[in-house]
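Notes to accompany the following structure.
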Amino acid sequence: MAIEARHVSKRFGEFAALDDVSVTVDDGALMALLGPSGSGKSTLLRIIAGLESPDEGEVVIGGEEVTDTPARSRGVGFVFQHYAPFKHMTVHNNVAFGLSVRKRPKGEIEQRVKELLGLVRLDGLAERYPSQLSGGQLQRMALARALAVQPKVLLLDEPFGALDAQVRGELREWLRRLHDEIHVTTIFVTHDQEEAMEVAEQIVVMNAGKIEQTGTPRELYESPSNEFVMSFIGPVNRIGNAFVRPHDVQILAEDDGSTIEALVKRVVHLGFEVRVELTLPDGRDIWAQVTRSAAEELELADGQILAVRLPQPRVFAPAA
Amino acid sequence: MSSSASGSLALSPAPAARMAPRGGAPGSERAVRARKYGVRTIALGYLALLLLAPVAMIFYRTFEHGLSPVWHSITEANAQHAFWLSLEIVAISVPLNTVFGIGMALLLERGRFRGRWLLGLLIDLPFAISPVVIGLALVLAYGKTGWLGDWLTENGIQVIFSVPGMVLATAIVSLPFVARETIPVLRELGTDAEQAASTLGASGWQTFWRITLPGIRWGVVYGVVLTTARALGEFGAVSIVSGRIEGQTQTLPLFVQARFENFDATGAYTAAVVLALLAFATLIAMNLLTRRTRADTAV
Amino acid sequence: MLGKGLLGIYLSVLVLLPVAALLAKSGSGGTAQFWREVSNPEAVAAIKLTLIVSAIVVAINAVFGTLIAWVLVRDEFPGKKIVNALIDLPFALPTIVAGVVLLALYGKGSPVGIDVAFTRTAIGLALLFVTLPFVVRSVQPVLHELDVSMEEAAESLGASPLTVLRRIVLPSLAPAIISGVALSFARAVGEFGSLVLITGNLPFKTEVGSVYVFGQIQNENLPAAAAVSVVLLVAALIVLAALTLLSRWRSKHVL
């Protein structure tokens, strides 16, 4: 089912959480709402889910306008950042909840729960209680629970935010694979640009209640439409009004006439990549990203003077 | 009574151990220990004199002439009536206050409207009013010459000097507990699970029964225990509202007073002991539940 | 929602209506009569006695309650769990039983020879009994959560145990102590059941406000009863409000 939010606005008191925001999500797509805290991304998600109502604008799911429909009738699956488990119920009953509320026959419920627990790899834990599960397991249970009632769309609010780094990585990959298998239209909210880039097919970058840009990860990275998007997605050097990506800063073995001098302030070895902090002749500091092998070849060391070539910097028109 | 009263009493290491590296000289360690024992003795001594000794005394006095006078007092008609009347009143007022308390807690925690503070104040008001004043207020509102007196008489309803009035008085004095105990638990529970249930298709009622109520149950139970204790022990308000007619509108606490004033010491003490035993049962329930209230809200 | 309506009715029947009737009655004869009832010498004596004894009692509670809370949180001894449970006894015990119980030990026929029945000391004793839990239960959780490293830091800077107590611990506990005192005071001012037997209710000597009101009701002098009730109620509310604000102000500056 495709999802559309049309000209949605929402205020909380004096604070404008969303200002005339419109988003279209294609049927079966996997989209990320990306932005810093306070950008309105969670609010937009909750409005789509029906957990909040917009002050202005409409929400359309599968061609039907649902702006005035309550959450429980929208057919959305929602996954919370802190899992929202039903602590007094077993894993089995958590997952079965949506079905039991719809008074489905017992046999059908058992079948479906078994299927889902297998899908999220929690079989064998059906009789455990949420307090006995790890964060990653809880989030998978939350997903199984949301999927049990075959929602038209799946909405995830910072689903991996509360997990530690390794589990986060595993679950990201797992979400992608799950989406490939199930093809439910999915929107997830995150403030982690790496996560958005890794998982989503389309990203909506939001800031201060407005949409800055929508596109594929590659489009956003290579053709950012403004300062904010460029700084938010991917590492960036800011030189006055111009922006340069660190990996676009070329360090050459020797001057070939098109280079400038730079002083190596510090070389930081981060495993696979090397970060070279440089001072330009005019006193400004930038940093360059080079591979380990390149660093070895150039024999980089603190205090060296290097030949550096800067690419054409990106300059954006000042915001209106 | 706060439900966060000590359930688990973790302690910090005794000061003596901490201070040992400092002074070094044995004298200071002894002084610290002496201070600790001194404080402990004062505190425990105060409690013994104020709390334990008097209660122990009552048990002694009741049984000092043997079991048969006690048995006689327990089985005597008026005593029996007083006992069952007390239970009857509790059986009506406690469930009413429980439903009300949960409803109020939901309204105060989940509702959105102005003047919430006023509602909270009204619920807490019974704590600040003397039971005698509550009794008076009831007479003024529902007595024969009270505000609703005429309307009640016309409809053949007698409130004052009969059981309904006593139920009313008991309900008022025990009003705040369930609400007060449920509110923090409700707050800690948060709305996430309720919202999740909503997205899964549950109606408001289904969400309440299957998600909210199980989540707050220990807070509610603790509140019910407090309410019951307060209701059982109510004296002043019921005294005024009941007319204290022996064998008819005399609850067990009123019975204690009546017997005492009629120099039937054994009768009074026996009833007092029954009430004290119920109080101890309440204490046990309270302490068991405090630990539960803490434990169950953890993930 | 239907629920809200029912809740409203329940609250009105139980609290709003009776309190309104009380206020109305107290003012029914106009300010002049109100003043007359309230300045009646017996009434004045009762009110004064109530307020003074309550103030003394809560002061004692502030000290001993904190002490007991300290011992229960920081100390360790056999039977501590039982002692902790017993703190709630005055709350669980019917007030009339509390009176009987105190009378048995400290009244006529006392095995230890103390007889304070029918004296002002008896009032104090009964009030100490019924208000015992308030300060203790208010202070305990705060003491429990108190970060010991604050005290350790003070020690390492050279403070004596007394100084640590005075300048670190007590200020942190102040909001809780004040809050417990407020509840104690409100309770003490209204206390009735435990006083009825042990004090003898002698006018001008051991008759407290609540007993005076009761007497007036027995004499069918409802306006007098209502007037004095309002005075007691207002006194309790004022102290409650003042101390609640004080407690909140303290906790802002301390935590």
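We label chains A, B, ... in the order they appear in the structure tokens, count residues from 1 in each chain, and number ligands from 1 in the order shown.
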
Please provide as an mmCIF file with all heavy atoms, in the first residue's frame all residues within 7 Å of Ile216 in chain B, with the sequence filter that same-chain residues fewer than 6 positions apart are discarded (counting only C-alpha atoms).
```
data_model
loop_
_atom_site.group_PDB
_atom_site.id
_atom_site.type_symbol
_atom_site.label_atom_id
_atom_site.label_comp_id
_atom_site.auth_asym_id
_atom_site.auth_seq_id
_atom_site.Cartn_x
_atom_site.Cartn_y
_atom_site.Cartn_z
ATOM 1 N N THR B 182 -2.089 4.331 42.838
ATOM 2 C CA THR B 182 -2.127 3.928 41.429
ATOM 3 C C THR B 182 -1.425 4.949 40.543
ATOM 4 O O THR B 182 -0.806 4.580 39.541
ATOM 5 C CB THR B 182 -3.586 3.768 40.957
ATOM 6 O OG1 THR B 182 -4.274 2.935 41.879
ATOM 7 C CG2 THR B 182 -3.655 3.168 39.582
ATOM 8 N N VAL B 185 2.343 4.431 39.747
ATOM 9 C CA VAL B 185 2.541 3.210 38.967
ATOM 10 C C VAL B 185 2.094 3.434 37.532
ATOM 11 O O VAL B 185 2.754 3.015 36.571
ATOM 12 C CB VAL B 185 1.751 2.036 39.578
ATOM 13 C CG1 VAL B 185 2.010 0.766 38.820
ATOM 14 C CG2 VAL B 185 2.136 1.845 41.029
ATOM 15 N N LEU B 186 0.994 4.136 37.385
ATOM 16 C CA LEU B 186 0.483 4.453 36.058
ATOM 17 C C LEU B 186 1.494 5.298 35.299
ATOM 18 O O LEU B 186 1.742 5.087 34.107
ATOM 19 C CB LEU B 186 -0.836 5.225 36.214
ATOM 20 C CG LEU B 186 -1.819 5.202 35.051
ATOM 21 C CD1 LEU B 186 -2.132 3.783 34.641
ATOM 22 C CD2 LEU B 186 -3.077 5.922 35.458
#
```

Write down, as a PyMOL selection string, each residue of chain B that has any atom within 7 Å of an atom of chain C, counting only C-alpha atoms. chain B and resi 2+4-6+9-12+40+43+50+54-55+57-58+100+128-133+137-138+140-141+147+168+172+229-230+233-236+253+257+272+276+279+282-283+287

Chain B contacts on chain A, only C-alpha atoms, 6 Å, as a ChimeraX atom specification: /A:71-72,84,98,101,131

Hey, what's within 12 Å of Leu178 in chain A if we count only C-alpha atoms and toss same-chain stuff fewer than 3 positions away? As a list of chain:residue names, please?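 Using only C-alpha atoms, the neighbours found are A:Leu30, A:Leu116, A:Leu119, A:Val120, A:Arg121, A:Arg140, A:Leu143, A:Ala144, A:Leu147, A:Leu154, A:Leu171, A:Arg172, A:Glu173, A:Trp174, A:Leu175, A:Glu181, A:Ile182, A:His183, A:Val184, A:Thr185, A:Thr186, A:Val199.
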
From a backbone DSSP assignment, name each residue in range 10-76 of chain A labelled strand (DSSP E), as an MDAnalysis selection string. chainID A and resid 10:12 15:25 30:34 56:61 64:65 76

Between CA of Gly38 in chain B and CA of Ile177 in chain C lies a distance of 21.9 Å

So that I can check the surroundings of Asp157 in chain A, please list as a count of residues only every protein, DNA and RNA residue that reaches within 7 Å of it, counting only C-alpha atoms and ignoring chain neighbours fewer than 4 positions away. 6

Between CA of Val173 in chain B and CA of Glu220 in chain C - distance in Å to one decimal: 23.2 Å

What lies within 8 Å of range 11-22 of chain A using only C-alpha atoms, ignoring chain neighbours under 4 positions off, as a CSV table (one decimal) with C-alpha atoms, in the first residue's frame?
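As written to disk, selection_11.csv reads:
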```csv
chain,number,residue,atom,x,y,z
A,4,GLU,CA,0.9,9.7,1.3
A,5,ALA,CA,1.1,12.6,3.7
A,6,ARG,CA,-0.2,15.8,2.2
A,7,HIS,CA,0.6,19.2,3.6
A,38,GLY,CA,13.3,17.9,17.0
A,39,SER,CA,13.2,17.6,13.2
A,40,GLY,CA,9.6,16.3,13.4
A,43,THR,CA,5.8,13.2,14.9
A,44,LEU,CA,5.3,12.6,11.2
A,55,ASP,CA,-3.5,20.3,12.8
A,57,GLY,CA,-3.2,18.1,6.1
A,208,ALA,CA,13.1,21.7,12.0
A,209,GLY,CA,9.7,20.5,10.8
A,210,LYS,CA,10.4,20.7,7.1
A,211,ILE,CA,11.7,18.3,4.5
```

Work out how far apart CA of Gly124 in chain C and CA of Leu252 in chain B are and give it in Å to one decimal.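 Computing the Euclidean distance for CA of Gly124 in chain C and CA of Leu252 in chain B yields 25.5 Å.
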
If you count only C-alpha atoms, which residues fall within 12 Å of Glu64 in chain A, apart from same-chain ones fewer than 4 positions away, as a PDB file with N, CA and C atoms, in the first residue's frame?
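File produced: around_8.pdb:
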```
ATOM      1  N   MET A   1       0.842  -1.210   0.000  1.00  0.00           N
ATOM      2  CA  MET A   1       0.000   0.000   0.000  1.00  0.00           C
ATOM      3  C   MET A   1       0.866   1.246   0.000  1.00  0.00           C
ATOM      4  N   ALA A   2       0.542   2.157  -0.864  1.00  0.00           N
ATOM      5  CA  ALA A   2       1.300   3.410  -0.865  1.00  0.00           C
ATOM      6  C   ALA A   2       0.819   4.289   0.273  1.00  0.00           C
ATOM      7  N   ILE A   3       1.704   5.127   0.745  1.00  0.00           N
ATOM      8  CA  ILE A   3       1.355   6.057   1.819  1.00  0.00           C
ATOM      9  C   ILE A   3       1.585   7.473   1.340  1.00  0.00           C
ATOM     10  N   GLU A   4       0.670   8.343   1.675  1.00  0.00           N
ATOM     11  CA  GLU A   4       0.867   9.743   1.313  1.00  0.00           C
ATOM     12  C   GLU A   4       0.542  10.615   2.509  1.00  0.00           C
ATOM     13  N   ALA A   5       1.423  11.568   2.774  1.00  0.00           N
ATOM     14  CA  ALA A   5       1.107  12.610   3.745  1.00  0.00           C
ATOM     15  C   ALA A   5       1.057  13.896   2.949  1.00  0.00           C
ATOM     16  N   GLU A  58      -3.612  15.928   5.292  1.00  0.00           N
ATOM     17  CA  GLU A  58      -4.265  14.613   5.262  1.00  0.00           C
ATOM     18  C   GLU A  58      -3.254  13.495   5.219  1.00  0.00           C
ATOM     19  N   VAL A  59      -3.720  12.334   5.625  1.00  0.00           N
ATOM     20  CA  VAL A  59      -2.927  11.114   5.499  1.00  0.00           C
ATOM     21  C   VAL A  59      -3.736  10.139   4.655  1.00  0.00           C
ATOM     22  N   VAL A  60      -3.077   9.587   3.645  1.00  0.00           N
ATOM     23  CA  VAL A  60      -3.765   8.647   2.756  1.00  0.00           C
ATOM     24  C   VAL A  60      -2.988   7.337   2.740  1.00  0.00           C
ATOM     25  N   ASP A  68      -8.979  10.869   9.727  1.00  0.00           N
ATOM     26  CA  ASP A  68      -9.844  10.850  10.900  1.00  0.00           C
ATOM     27  C   ASP A  68     -10.056   9.463  11.456  1.00  0.00           C
ATOM     28  N   THR A  69      -9.359   8.480  10.906  1.00  0.00           N
ATOM     29  CA  THR A  69      -9.516   7.120  11.425  1.00  0.00           C
ATOM     30  C   THR A  69      -8.578   6.916  12.601  1.00  0.00           C
ATOM     31  N   ARG A  74      -6.495   1.602  11.405  1.00  0.00           N
ATOM     32  CA  ARG A  74      -5.743   1.962  10.208  1.00  0.00           C
ATOM     33  C   ARG A  74      -4.991   0.795   9.610  1.00  0.00           C
ATOM     34  N   GLY A  75      -4.864  -0.279  10.363  1.00  0.00           N
ATOM     35  CA  GLY A  75      -4.102  -1.398   9.815  1.00  0.00           C
ATOM     36  C   GLY A  75      -2.627  -1.100   9.707  1.00  0.00           C
ATOM     37  N   LYS A 152      -0.970  -3.136   6.715  1.00  0.00           N
ATOM     38  CA  LYS A 152      -0.776  -2.643   5.360  1.00  0.00           C
ATOM     39  C   LYS A 152       0.566  -1.935   5.247  1.00  0.00           C
TER      40      LYS A 152
END
```
